[in-house]
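J.: The structure follows.
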Amino acid sequence: MRIGVLAAQGAFAEHIAILHQLKVEVTPVRLPAELVGLDGLIIPGGESTSISRLMLDYNLASEIRSLAKNGLPIFGTCAGMILLAKRNSALAAEPLGVMDITVRRNAFGRQRDSFETELSIPVLGEKPFPGVFIRAPVIEQVNSEVEILARLADGTSVAVRQGKLLASAFHPELTNDLRFHQYFLDIVAGGTT
Ligand code: GLN
């Protein structure tokens with residue numbers, strides 16, 4: 001199994017480290033040629049406008065969009081989730097627009113700009129998952145094909161899956177808990193539907 005990690009900007013090194021812990025072959029992706037032959041792709045957190053611009057500059061956006069449409073499993077965290085969304089409240093640059101969700105950037109305002117909270121994520125088992133939120137977006141709306149995997153205590157959706165596309169508003173790569181990445185690898189392997 002070979003997983004690509006978009007390495008344009010943001011927290012890509014942390015995703016690569018987790019994938020190494022899970023004994024998976026990793027390709028950092030900066031150019032379209034590096035997308036060839038991947039079994040899955042991770043789009044990290046960072047600054048969605050910068051990542052979006054770099055994806056366009058390096059001709060990655062259209063290639064990733066068509067791979068997603070052809071069934072490539074993709075996992076987007078935080079800014080990565082913003083880029084996967086079909087609709088978002090305020091993003092000037094063009095996102096990938098492949099997941100049927102509406103997101104809102106920087107949804108937590110100043111006081112709760114960044115925070116950590118335990119999340120109940122039933123698909124990962126009973127043990128709570130450490131949710132690390134950094135200037136995070138939220139998911140405002142989903143269509144019927146989208147499964148909500150995690151919510152905050154107030155009901156706000158913060159992790160979703162649509163087929164082989166997975167997205168979280170928080171950063172599993174900044175924790176020692178490997179279960180969210182393992183869940184993505186299970187999707188890649190075809191073991192969870
Ligand atoms: N606030 C960032 C954005 O809107 C996302 C932050 C993150 O990825 N940690 O792009």
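Identifiers in the structure tokens: chain A, B, ... in order shown; residue index from 1 per chain; ligand index from 1 in order shown.
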Within 8 Å of Leu72 (chain A), counting only C-alpha atoms, which residues show up once you throw out same-chain ones fewer than 2 positions away? Write them as a list in words, please.
T.: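 Counting only the stated atoms, we get Asp39, Gly40, Leu41, Leu67, Ala68, Lys69, Asn70, Ile74 and Lys164 of chain A.
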J.: For the residues selected in the previous step, produce a file with all heavy atoms as a CSV table (one decimal), in the first residue's frame.
T.:
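Ended up saving to result23.csv:
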chain,number,residue,atom,x,y,z
A,39,ASP,N,-2.4,4.5,-3.7
A,39,ASP,CA,-3.6,3.9,-3.2
A,39,ASP,C,-4.5,4.8,-2.4
A,39,ASP,O,-5.7,4.5,-2.2
A,39,ASP,CB,-3.2,2.7,-2.4
A,39,ASP,CG,-2.4,1.7,-3.2
A,39,ASP,OD1,-2.9,1.2,-4.2
A,39,ASP,OD2,-1.2,1.4,-2.8
A,40,GLY,N,-3.9,5.9,-1.9
A,40,GLY,CA,-4.7,6.9,-1.2
A,40,GLY,C,-3.9,8.2,-1.1
A,40,GLY,O,-2.7,8.2,-1.3
A,41,LEU,N,-4.6,9.2,-0.7
A,41,LEU,CA,-3.9,10.5,-0.6
A,41,LEU,C,-4.4,11.2,0.7
A,41,LEU,O,-5.6,11.2,1.0
A,41,LEU,CB,-4.3,11.4,-1.8
A,41,LEU,CG,-3.8,12.8,-1.8
A,41,LEU,CD1,-2.2,12.8,-2.0
A,41,LEU,CD2,-4.4,13.6,-3.0
A,67,LEU,N,-8.9,12.1,-9.9
A,67,LEU,CA,-8.6,10.9,-9.2
A,67,LEU,C,-9.7,10.6,-8.1
A,67,LEU,O,-10.1,9.5,-7.9
A,67,LEU,CB,-7.2,11.0,-8.5
A,67,LEU,CG,-6.0,10.9,-9.4
A,67,LEU,CD1,-4.7,11.3,-8.6
A,67,LEU,CD2,-5.8,9.5,-10.0
A,68,ALA,N,-10.1,11.7,-7.5
A,68,ALA,CA,-11.2,11.5,-6.5
A,68,ALA,C,-12.5,11.0,-7.1
A,68,ALA,O,-13.1,10.1,-6.6
A,68,ALA,CB,-11.5,12.9,-5.8
A,69,LYS,N,-12.8,11.6,-8.3
A,69,LYS,CA,-14.0,11.1,-9.0
A,69,LYS,C,-13.9,9.7,-9.4
A,69,LYS,O,-14.9,9.0,-9.6
A,69,LYS,CB,-14.3,12.0,-10.2
A,69,LYS,CG,-14.8,13.4,-9.6
A,69,LYS,CD,-15.3,14.3,-10.7
A,69,LYS,CE,-15.9,15.5,-10.0
A,69,LYS,NZ,-15.6,16.8,-10.8
A,70,ASN,N,-12.6,9.2,-9.7
A,70,ASN,CA,-12.4,7.8,-10.1
A,70,ASN,C,-12.2,6.9,-8.9
A,70,ASN,O,-11.9,5.7,-9.1
A,70,ASN,CB,-11.2,7.7,-11.0
A,70,ASN,CG,-11.5,8.3,-12.4
A,70,ASN,OD1,-12.6,8.2,-12.8
A,70,ASN,ND2,-10.5,8.9,-13.0
A,74,ILE,N,-9.3,9.6,-0.3
A,74,ILE,CA,-8.7,10.9,0.1
A,74,ILE,C,-9.1,11.2,1.5
A,74,ILE,O,-10.3,11.1,1.8
A,74,ILE,CB,-8.9,12.0,-0.8
A,74,ILE,CG1,-8.5,11.7,-2.3
A,74,ILE,CG2,-8.2,13.3,-0.4
A,74,ILE,CD1,-8.7,12.8,-3.3
A,164,LYS,N,-15.3,6.9,-0.2
A,164,LYS,CA,-13.9,6.7,0.1
A,164,LYS,C,-13.2,8.1,0.5
A,164,LYS,O,-12.0,8.2,0.6
A,164,LYS,CB,-13.1,6.1,-1.0
A,164,LYS,CG,-13.6,4.6,-1.2
A,164,LYS,CD,-12.8,3.9,-2.3
A,164,LYS,CE,-13.2,2.5,-2.3
A,164,LYS,NZ,-12.5,1.7,-3.3
J.: Could you pull out the residues in region 43-110 of chain A that DSSP calls strand (DSSP E or B) from the backbone, as a PyMOL selection string?
T.: chain A and resi 43+74-77+85-88+99-104
J.: Those residues with N, CA and C atoms, as a tab-separated table (two decimals), in the first residue's frame please?
T.:
chain	number	residue	atom	x	y	z
A	43	ILE	N	-4.58	15.05	2.48
A	43	ILE	CA	-4.39	16.49	2.30
A	43	ILE	C	-4.35	17.10	3.71
A	74	ILE	N	-9.35	9.63	-0.30
A	74	ILE	CA	-8.65	10.85	0.12
A	74	ILE	C	-9.10	11.22	1.52
A	75	PHE	N	-8.15	11.61	2.34
A	75	PHE	CA	-8.42	12.03	3.72
A	75	PHE	C	-7.92	13.46	3.87
A	76	GLY	N	-8.82	14.38	4.17
A	76	GLY	CA	-8.44	15.78	4.37
A	76	GLY	C	-8.61	16.19	5.82
A	77	THR	N	-7.57	16.78	6.41
A	77	THR	CA	-7.68	17.27	7.79
A	77	THR	C	-7.66	18.80	7.78
A	85	ALA	N	-14.30	20.20	0.31
A	85	ALA	CA	-15.72	20.56	0.35
A	85	ALA	C	-16.21	21.17	-0.96
A	86	LYS	N	-17.46	20.84	-1.30
A	86	LYS	CA	-18.07	21.45	-2.50
A	86	LYS	C	-18.44	22.90	-2.25
A	87	ARG	N	-18.83	23.18	-1.01
A	87	ARG	CA	-19.27	24.55	-0.70
A	87	ARG	C	-18.60	25.03	0.57
A	88	ASN	N	-18.16	26.28	0.56
A	88	ASN	CA	-17.71	26.85	1.82
A	88	ASN	C	-18.01	28.33	1.87
A	99	MET	N	-16.41	16.73	-2.08
A	99	MET	CA	-17.27	16.17	-1.02
A	99	MET	C	-18.51	17.02	-0.87
A	100	ASP	N	-19.65	16.33	-0.71
A	100	ASP	CA	-20.91	17.05	-0.68
A	100	ASP	C	-21.20	17.64	0.70
A	101	ILE	N	-20.34	18.54	1.12
A	101	ILE	CA	-20.49	19.18	2.43
A	101	ILE	C	-20.29	20.69	2.28
A	102	THR	N	-20.89	21.42	3.22
A	102	THR	CA	-20.65	22.87	3.30
A	102	THR	C	-19.83	23.12	4.55
A	103	VAL	N	-18.71	23.81	4.40
A	103	VAL	CA	-17.85	24.07	5.56
A	103	VAL	C	-17.74	25.58	5.80
A	104	ARG	N	-17.38	25.91	7.02
A	104	ARG	CA	-17.12	27.31	7.36
A	104	ARG	C	-15.73	27.39	7.98
J.: Give the answer as one residue: which of A:Ser50, A:Ser62, A:Gln182, A:Gln111 has the shortest atom-to-atom distance to Leu96 (chain A), using only C-alpha atoms?
T.: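 Ranking A:Ser50, A:Ser62, A:Gln182, A:Gln111 by distance to Leu96 (chain A), first place goes to A:Ser62.
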J.: Kindly work out which residues sit at most 12 Å from ligand 1, using only C-alpha atoms and all ligand atoms, and give the list as a compact mmCIF listing (two decimals) with all heavy atoms, in the first residue's frame.
T.:
# COMPACT_ATOMS: atom_id res chain seq x y z
N GLN A 9 2.19 22.61 1.70
CA GLN A 9 2.29 23.53 2.84
C GLN A 9 1.55 22.89 3.99
O GLN A 9 0.66 22.06 3.78
CB GLN A 9 1.62 24.87 2.46
CG GLN A 9 1.80 26.03 3.42
CD GLN A 9 0.61 26.18 4.37
OE1 GLN A 9 -0.47 25.73 4.09
NE2 GLN A 9 0.84 26.82 5.50
N GLY A 10 1.92 23.23 5.23
CA GLY A 10 1.17 22.77 6.38
C GLY A 10 1.77 21.55 7.06
O GLY A 10 2.97 21.28 6.95
N ALA A 11 0.88 20.80 7.77
CA ALA A 11 1.33 19.75 8.68
C ALA A 11 1.53 18.41 7.98
O ALA A 11 1.05 17.39 8.44
CB ALA A 11 0.33 19.61 9.82
N PHE A 12 2.27 18.41 6.86
CA PHE A 12 2.43 17.14 6.14
C PHE A 12 3.42 16.20 6.81
O PHE A 12 3.25 14.99 6.80
CB PHE A 12 2.77 17.36 4.66
CG PHE A 12 3.96 18.24 4.39
CD1 PHE A 12 5.22 17.70 4.36
CD2 PHE A 12 3.80 19.61 4.17
CE1 PHE A 12 6.32 18.51 4.11
CE2 PHE A 12 4.89 20.42 3.91
CZ PHE A 12 6.15 19.88 3.89
N ILE A 43 -4.58 15.05 2.48
CA ILE A 43 -4.39 16.49 2.30
C ILE A 43 -4.35 17.10 3.71
O ILE A 43 -5.35 17.04 4.43
CB ILE A 43 -5.51 17.12 1.46
CG1 ILE A 43 -5.59 16.39 0.11
CG2 ILE A 43 -5.27 18.61 1.27
CD1 ILE A 43 -6.66 16.93 -0.82
N PRO A 44 -3.21 17.63 4.11
CA PRO A 44 -3.04 18.04 5.51
C PRO A 44 -3.68 19.38 5.83
O PRO A 44 -4.19 20.07 4.94
CB PRO A 44 -1.52 18.15 5.65
CG PRO A 44 -1.05 18.51 4.29
CD PRO A 44 -2.01 17.85 3.32
N GLY A 45 -3.62 19.72 7.12
CA GLY A 45 -4.02 21.06 7.55
C GLY A 45 -2.91 22.05 7.25
O GLY A 45 -1.78 21.67 6.95
N GLY A 46 -3.26 23.29 7.32
CA GLY A 46 -2.32 24.36 7.01
C GLY A 46 -3.15 25.59 6.74
O GLY A 46 -4.08 25.89 7.47
N GLU A 47 -2.88 26.25 5.65
CA GLU A 47 -3.67 27.42 5.28
C GLU A 47 -4.34 27.09 3.94
O GLU A 47 -3.67 26.93 2.92
CB GLU A 47 -2.74 28.63 5.17
CG GLU A 47 -3.43 29.96 5.31
CD GLU A 47 -4.33 30.04 6.55
OE1 GLU A 47 -3.86 29.71 7.65
OE2 GLU A 47 -5.50 30.43 6.41
N SER A 48 -5.66 26.97 3.97
CA SER A 48 -6.35 26.46 2.78
C SER A 48 -6.13 27.33 1.55
O SER A 48 -6.02 26.81 0.44
CB SER A 48 -7.84 26.28 3.07
OG SER A 48 -8.38 27.42 3.66
N THR A 49 -6.03 28.66 1.75
CA THR A 49 -5.80 29.52 0.58
C THR A 49 -4.43 29.24 -0.04
O THR A 49 -4.29 29.15 -1.26
CB THR A 49 -5.91 31.01 0.95
OG1 THR A 49 -5.23 31.22 2.17
CG2 THR A 49 -7.34 31.45 1.10
N SER A 50 -3.40 29.08 0.81
CA SER A 50 -2.05 28.80 0.28
C SER A 50 -2.00 27.44 -0.40
O SER A 50 -1.46 27.30 -1.51
CB SER A 50 -1.01 28.77 1.39
OG SER A 50 -1.11 29.91 2.18
N ILE A 51 -2.57 26.42 0.26
CA ILE A 51 -2.52 25.07 -0.33
C ILE A 51 -3.26 25.07 -1.66
O ILE A 51 -2.81 24.51 -2.65
CB ILE A 51 -3.12 24.02 0.63
CG1 ILE A 51 -2.33 23.98 1.94
CG2 ILE A 51 -3.13 22.64 -0.02
CD1 ILE A 51 -2.90 23.05 3.01
N SER A 52 -4.41 25.76 -1.67
CA SER A 52 -5.20 25.83 -2.89
C SER A 52 -4.41 26.48 -4.03
O SER A 52 -4.39 25.99 -5.16
CB SER A 52 -6.46 26.63 -2.57
OG SER A 52 -7.27 26.71 -3.68
N ARG A 53 -3.75 27.59 -3.71
CA ARG A 53 -2.97 28.28 -4.73
C ARG A 53 -1.83 27.40 -5.25
O ARG A 53 -1.59 27.29 -6.45
CB ARG A 53 -2.41 29.59 -4.15
CG ARG A 53 -2.18 30.65 -5.20
CD ARG A 53 -1.86 32.01 -4.58
NE ARG A 53 -2.81 32.43 -3.59
CZ ARG A 53 -2.50 32.77 -2.32
NH1 ARG A 53 -1.26 32.70 -1.90
NH2 ARG A 53 -3.43 33.16 -1.49
N GLY A 76 -8.82 14.38 4.17
CA GLY A 76 -8.44 15.78 4.37
C GLY A 76 -8.61 16.19 5.82
O GLY A 76 -9.65 15.94 6.42
N THR A 77 -7.57 16.78 6.41
CA THR A 77 -7.68 17.27 7.79
C THR A 77 -7.66 18.80 7.78
O THR A 77 -6.80 19.41 7.16
CB THR A 77 -6.51 16.76 8.66
OG1 THR A 77 -5.27 17.09 8.06
CG2 THR A 77 -6.57 15.26 8.83
N CYS A 78 -8.60 19.38 8.49
CA CYS A 78 -8.67 20.82 8.71
C CYS A 78 -8.66 21.59 7.38
O CYS A 78 -9.62 21.51 6.63
CB CYS A 78 -7.57 21.25 9.67
SG CYS A 78 -7.93 22.80 10.48
N ALA A 79 -7.58 22.28 7.03
CA ALA A 79 -7.56 22.95 5.74
C ALA A 79 -7.81 21.95 4.60
O ALA A 79 -8.47 22.28 3.60
CB ALA A 79 -6.22 23.66 5.52
N GLY A 80 -7.34 20.73 4.77
CA GLY A 80 -7.58 19.68 3.77
C GLY A 80 -9.06 19.40 3.59
O GLY A 80 -9.54 19.16 2.48
N MET A 81 -9.80 19.46 4.70
CA MET A 81 -11.26 19.28 4.63
C MET A 81 -11.90 20.44 3.88
O MET A 81 -12.81 20.24 3.07
CB MET A 81 -11.84 19.17 6.04
CG MET A 81 -13.35 19.06 6.05
SD MET A 81 -14.04 18.87 7.70
CE MET A 81 -14.35 20.59 8.09
N ILE A 82 -11.42 21.65 4.15
CA ILE A 82 -11.96 22.83 3.46
C ILE A 82 -11.80 22.67 1.95
O ILE A 82 -12.70 22.97 1.17
CB ILE A 82 -11.24 24.12 3.94
CG1 ILE A 82 -11.52 24.37 5.43
CG2 ILE A 82 -11.64 25.33 3.09
CD1 ILE A 82 -10.70 25.49 6.05
N LEU A 83 -10.64 22.14 1.55
CA LEU A 83 -10.37 21.99 0.11
C LEU A 83 -11.23 20.90 -0.53
O LEU A 83 -11.59 21.01 -1.70
CB LEU A 83 -8.88 21.70 -0.11
CG LEU A 83 -7.98 22.85 0.35
CD1 LEU A 83 -6.54 22.41 0.39
CD2 LEU A 83 -8.15 24.05 -0.57
N LEU A 84 -11.57 19.88 0.23
CA LEU A 84 -12.40 18.80 -0.33
C LEU A 84 -13.86 19.21 -0.48
O LEU A 84 -14.58 18.65 -1.31
CB LEU A 84 -12.34 17.56 0.59
CG LEU A 84 -11.02 16.78 0.60
CD1 LEU A 84 -11.08 15.68 1.67
CD2 LEU A 84 -10.75 16.14 -0.76
N ASN A 88 -18.16 26.28 0.56
CA ASN A 88 -17.71 26.85 1.82
C ASN A 88 -18.01 28.33 1.87
O ASN A 88 -18.11 29.00 0.85
CB ASN A 88 -16.25 26.53 2.09
CG ASN A 88 -15.34 27.17 1.11
OD1 ASN A 88 -15.12 28.36 1.16
ND2 ASN A 88 -14.83 26.38 0.18
N SER A 89 -18.15 28.80 3.10
CA SER A 89 -18.68 30.14 3.32
C SER A 89 -17.77 31.25 2.79
O SER A 89 -18.25 32.25 2.32
CB SER A 89 -18.96 30.35 4.80
OG SER A 89 -19.71 29.28 5.28
N ALA A 90 -16.48 31.09 2.87
CA ALA A 90 -15.60 32.20 2.46
C ALA A 90 -14.23 31.70 2.05
O ALA A 90 -13.29 31.70 2.84
CB ALA A 90 -15.47 33.20 3.59
N LEU A 91 -14.11 31.24 0.84
CA LEU A 91 -12.77 30.89 0.34
C LEU A 91 -12.66 31.44 -1.07
O LEU A 91 -13.41 31.06 -1.95
CB LEU A 91 -12.57 29.37 0.34
CG LEU A 91 -11.19 28.88 -0.10
CD1 LEU A 91 -10.12 29.28 0.92
CD2 LEU A 91 -11.16 27.38 -0.30
N ALA A 92 -11.71 32.34 -1.25
CA ALA A 92 -11.59 33.00 -2.54
C ALA A 92 -11.05 32.04 -3.61
O ALA A 92 -11.59 31.93 -4.70
CB ALA A 92 -10.68 34.21 -2.41
N ALA A 93 -9.99 31.30 -3.25
CA ALA A 93 -9.37 30.42 -4.23
C ALA A 93 -10.23 29.19 -4.49
O ALA A 93 -11.06 28.82 -3.67
CB ALA A 93 -8.00 30.00 -3.74
N PRO A 95 -11.40 25.53 -4.55
CA PRO A 95 -11.08 24.27 -3.88
C PRO A 95 -11.28 23.07 -4.81
O PRO A 95 -11.62 23.25 -5.97
CB PRO A 95 -12.08 24.24 -2.73
CG PRO A 95 -13.27 24.97 -3.27
CD PRO A 95 -12.78 25.93 -4.34
N VAL A 103 -18.71 23.81 4.40
CA VAL A 103 -17.85 24.07 5.56
C VAL A 103 -17.74 25.58 5.80
O VAL A 103 -17.99 26.39 4.90
CB VAL A 103 -16.43 23.48 5.38
CG1 VAL A 103 -16.48 21.98 5.26
CG2 VAL A 103 -15.73 24.08 4.18
N ARG A 104 -17.38 25.91 7.02
CA ARG A 104 -17.12 27.31 7.36
C ARG A 104 -15.73 27.39 7.98
O ARG A 104 -15.43 26.72 8.96
CB ARG A 104 -18.17 27.83 8.34
CG ARG A 104 -18.00 29.30 8.66
CD ARG A 104 -19.32 29.94 9.04
NE ARG A 104 -20.04 29.16 10.03
CZ ARG A 104 -19.98 29.37 11.34
NH1 ARG A 104 -19.25 30.35 11.84
NH2 ARG A 104 -20.68 28.61 12.18
N ARG A 105 -14.89 28.20 7.36
CA ARG A 105 -13.52 28.37 7.86
C ARG A 105 -13.51 29.12 9.18
O ARG A 105 -14.38 29.94 9.43
CB ARG A 105 -12.71 29.24 6.89
CG ARG A 105 -12.34 28.59 5.61
CD ARG A 105 -11.52 29.57 4.78
NE ARG A 105 -10.18 29.72 5.33
CZ ARG A 105 -9.34 30.67 4.96
NH1 ARG A 105 -9.69 31.57 4.08
NH2 ARG A 105 -8.13 30.72 5.48
N ASN A 106 -12.46 28.88 9.95
CA ASN A 106 -12.20 29.65 11.19
C ASN A 106 -13.49 29.85 11.99
O ASN A 106 -13.83 30.96 12.38
CB ASN A 106 -11.58 31.01 10.84
CG ASN A 106 -10.29 30.84 10.06
OD1 ASN A 106 -9.57 29.85 10.24
ND2 ASN A 106 -9.98 31.78 9.19
N ALA A 107 -14.18 28.74 12.23
CA ALA A 107 -15.55 28.83 12.74
C ALA A 107 -15.64 29.10 14.23
O ALA A 107 -16.72 29.37 14.73
CB ALA A 107 -16.27 27.52 12.43
N PHE A 108 -14.52 29.06 14.94
CA PHE A 108 -14.61 29.12 16.41
C PHE A 108 -14.27 30.48 16.99
O PHE A 108 -14.24 30.63 18.20
CB PHE A 108 -13.74 28.03 17.03
CG PHE A 108 -14.27 26.66 16.73
CD1 PHE A 108 -13.76 25.92 15.68
CD2 PHE A 108 -15.31 26.13 17.47
CE1 PHE A 108 -14.26 24.66 15.38
CE2 PHE A 108 -15.84 24.88 17.19
CZ PHE A 108 -15.31 24.15 16.14
N GLY A 109 -14.00 31.46 16.18
CA GLY A 109 -13.74 32.80 16.71
C GLY A 109 -12.49 32.82 17.57
O GLY A 109 -11.81 31.82 17.72
N ARG A 110 -12.22 33.97 18.19
CA ARG A 110 -10.95 34.14 18.86
C ARG A 110 -10.77 33.32 20.13
O ARG A 110 -9.75 32.69 20.33
CB ARG A 110 -10.76 35.61 19.23
CG ARG A 110 -10.12 36.34 18.10
CD ARG A 110 -9.22 37.41 18.63
NE ARG A 110 -8.69 38.15 17.50
CZ ARG A 110 -8.46 39.43 17.53
NH1 ARG A 110 -8.69 40.12 18.61
NH2 ARG A 110 -7.98 40.03 16.46
N ASP A 113 -10.26 29.77 19.51
CA ASP A 113 -9.43 29.67 18.32
C ASP A 113 -8.82 28.27 18.20
O ASP A 113 -8.97 27.59 17.20
CB ASP A 113 -8.31 30.71 18.48
CG ASP A 113 -7.77 31.11 17.15
OD1 ASP A 113 -8.05 30.41 16.17
OD2 ASP A 113 -7.09 32.15 17.08
N SER A 114 -8.15 27.84 19.28
CA SER A 114 -7.56 26.51 19.30
C SER A 114 -7.92 25.85 20.61
O SER A 114 -7.89 26.49 21.65
CB SER A 114 -6.05 26.61 19.17
OG SER A 114 -5.76 27.22 17.92
N PHE A 115 -8.27 24.59 20.57
CA PHE A 115 -8.65 23.88 21.80
C PHE A 115 -8.55 22.38 21.56
O PHE A 115 -8.43 21.93 20.42
CB PHE A 115 -10.07 24.25 22.23
CG PHE A 115 -11.13 23.92 21.21
CD1 PHE A 115 -11.86 22.73 21.30
CD2 PHE A 115 -11.40 24.77 20.15
CE1 PHE A 115 -12.85 22.41 20.36
CE2 PHE A 115 -12.38 24.46 19.20
CZ PHE A 115 -13.10 23.28 19.31
N VAL A 132 -7.89 17.69 18.35
CA VAL A 132 -7.06 18.89 18.42
C VAL A 132 -7.55 19.85 17.33
O VAL A 132 -7.43 19.56 16.14
CB VAL A 132 -5.57 18.55 18.20
CG1 VAL A 132 -4.71 19.80 18.19
CG2 VAL A 132 -5.08 17.57 19.26
N PHE A 133 -8.09 20.98 17.77
CA PHE A 133 -8.68 21.95 16.83
C PHE A 133 -7.80 23.20 16.79
O PHE A 133 -7.54 23.81 17.82
CB PHE A 133 -10.09 22.34 17.29
CG PHE A 133 -11.10 21.21 17.18
CD1 PHE A 133 -11.15 20.22 18.15
CD2 PHE A 133 -11.98 21.15 16.11
CE1 PHE A 133 -12.07 19.18 18.05
CE2 PHE A 133 -12.90 20.11 16.00
CZ PHE A 133 -12.94 19.12 16.98
N ILE A 134 -7.35 23.57 15.61
CA ILE A 134 -6.49 24.74 15.45
C ILE A 134 -7.09 25.64 14.37
O ILE A 134 -7.06 25.29 13.19
CB ILE A 134 -5.05 24.34 15.06
CG1 ILE A 134 -4.48 23.38 16.11
CG2 ILE A 134 -4.17 25.58 14.92
CD1 ILE A 134 -3.15 22.76 15.71
N ARG A 135 -7.63 26.77 14.79
CA ARG A 135 -8.32 27.67 13.85
C ARG A 135 -9.17 26.83 12.87
O ARG A 135 -9.09 26.98 11.65
CB ARG A 135 -7.32 28.55 13.10
CG ARG A 135 -6.54 29.45 14.04
CD ARG A 135 -5.68 30.46 13.30
NE ARG A 135 -6.51 31.33 12.48
CZ ARG A 135 -6.28 31.62 11.21
NH1 ARG A 135 -5.24 31.12 10.59
NH2 ARG A 135 -7.08 32.42 10.56
N ALA A 136 -9.96 25.98 13.46
CA ALA A 136 -10.60 24.91 12.69
C ALA A 136 -11.87 25.37 11.99
O ALA A 136 -12.54 26.30 12.43
CB ALA A 136 -10.93 23.76 13.63
N PRO A 137 -12.18 24.68 10.91
CA PRO A 137 -13.48 24.87 10.25
C PRO A 137 -14.52 23.97 10.93
O PRO A 137 -14.17 23.09 11.72
CB PRO A 137 -13.21 24.37 8.84
CG PRO A 137 -12.16 23.32 9.01
CD PRO A 137 -11.35 23.70 10.21
N VAL A 138 -15.79 24.17 10.61
CA VAL A 138 -16.81 23.19 10.97
C VAL A 138 -17.57 22.80 9.70
O VAL A 138 -17.48 23.47 8.67
CB VAL A 138 -17.84 23.73 12.01
CG1 VAL A 138 -17.16 23.98 13.34
CG2 VAL A 138 -18.56 24.95 11.50
N ALA A 167 -12.97 13.22 6.03
CA ALA A 167 -12.51 14.57 6.39
C ALA A 167 -12.73 14.83 7.87
O ALA A 167 -13.74 14.42 8.44
CB ALA A 167 -13.27 15.61 5.56
N SER A 168 -11.76 15.51 8.47
CA SER A 168 -11.91 15.91 9.87
C SER A 168 -11.54 17.38 10.02
O SER A 168 -10.61 17.86 9.37
CB SER A 168 -11.02 15.05 10.78
OG SER A 168 -9.65 15.31 10.54
N ALA A 169 -12.30 18.07 10.89
CA ALA A 169 -11.99 19.48 11.17
C ALA A 169 -10.79 19.59 12.10
O ALA A 169 -10.16 20.63 12.20
CB ALA A 169 -13.21 20.14 11.83
N PHE A 170 -10.49 18.47 12.79
CA PHE A 170 -9.40 18.45 13.77
C PHE A 170 -8.18 17.73 13.19
O PHE A 170 -8.19 17.32 12.03
CB PHE A 170 -9.89 17.79 15.07
CG PHE A 170 -10.58 16.47 14.84
CD1 PHE A 170 -9.88 15.28 14.89
CD2 PHE A 170 -11.94 16.42 14.54
CE1 PHE A 170 -10.51 14.07 14.66
CE2 PHE A 170 -12.58 15.21 14.31
CZ PHE A 170 -11.87 14.03 14.36
N HIS A 171 -7.14 17.61 14.03
CA HIS A 171 -5.83 17.13 13.55
C HIS A 171 -5.41 15.82 14.20
O HIS A 171 -4.64 15.83 15.17
CB HIS A 171 -4.76 18.18 13.87
CG HIS A 171 -4.82 19.42 13.07
ND1 HIS A 171 -4.13 19.60 11.91
CD2 HIS A 171 -5.51 20.55 13.28
CE1 HIS A 171 -4.39 20.80 11.42
NE2 HIS A 171 -5.23 21.40 12.24
N PRO A 172 -5.83 14.66 13.68
CA PRO A 172 -5.38 13.39 14.28
C PRO A 172 -3.85 13.22 14.18
O PRO A 172 -3.27 12.47 14.97
CB PRO A 172 -6.08 12.32 13.43
CG PRO A 172 -7.12 13.03 12.65
CD PRO A 172 -6.71 14.45 12.54
N GLU A 173 -3.23 13.90 13.23
CA GLU A 173 -1.77 13.72 13.05
C GLU A 173 -0.98 14.42 14.15
O GLU A 173 0.22 14.24 14.25
CB GLU A 173 -1.35 14.23 11.66
CG GLU A 173 -1.20 15.73 11.48
CD GLU A 173 -2.54 16.47 11.35
OE1 GLU A 173 -3.61 15.86 11.56
OE2 GLU A 173 -2.50 17.68 11.08
N LEU A 174 -1.65 15.24 14.98
CA LEU A 174 -0.95 15.91 16.07
C LEU A 174 -1.18 15.20 17.40
O LEU A 174 -0.98 15.77 18.47
CB LEU A 174 -1.39 17.38 16.18
CG LEU A 174 -1.14 18.23 14.93
CD1 LEU A 174 -1.58 19.67 15.15
CD2 LEU A 174 0.33 18.20 14.53
J.: Considering only C-alpha atoms, can you say which of A:Val160, A:Val5, A:Leu185, A:Ala153 comes closest to Glu34 (chain A)?
T.: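 Distance minimum relative to Glu34 (chain A) lands on A:Val5.
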J.: Report the distance between CA of Leu119 (chain A) and CA of Gly131 (chain A) in Å, rounded to one decimal place.
T.: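 Those two atoms sit 6.0 Å apart.
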J.: Which of these, A:Gln21, A:Gln162, A:Gln141, A:Asn59, has the shortest distance to Ala33 (chain A) once you count only C-alpha atoms?
T.: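 Selected residue with least distance to Ala33 (chain A): A:Asn59.
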J.: Nearest to Gly125 (chain A) among A:Arg112, A:Met1, A:Leu149, A:Pro73, with distances taken over only C-alpha atoms: which residue is it?
T.: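 Distance minimum relative to Gly125 (chain A) lands on A:Leu149.
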J.: Name the closest residue to Gly71 (chain A) among the candidates A:Leu124, A:Val24, A:Leu6, A:Leu38; distances are taken between atoms, counting only C-alpha atoms.
T.: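 Of A:Leu124, A:Val24, A:Leu6, A:Leu38, the one nearest Gly71 (chain A) is A:Leu38, counting only C-alpha atoms.
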J.: Between CA of Ala7 (chain A) and CA of Pro28 (chain A), what is the spacing in Å?
T.: 5.5 Å
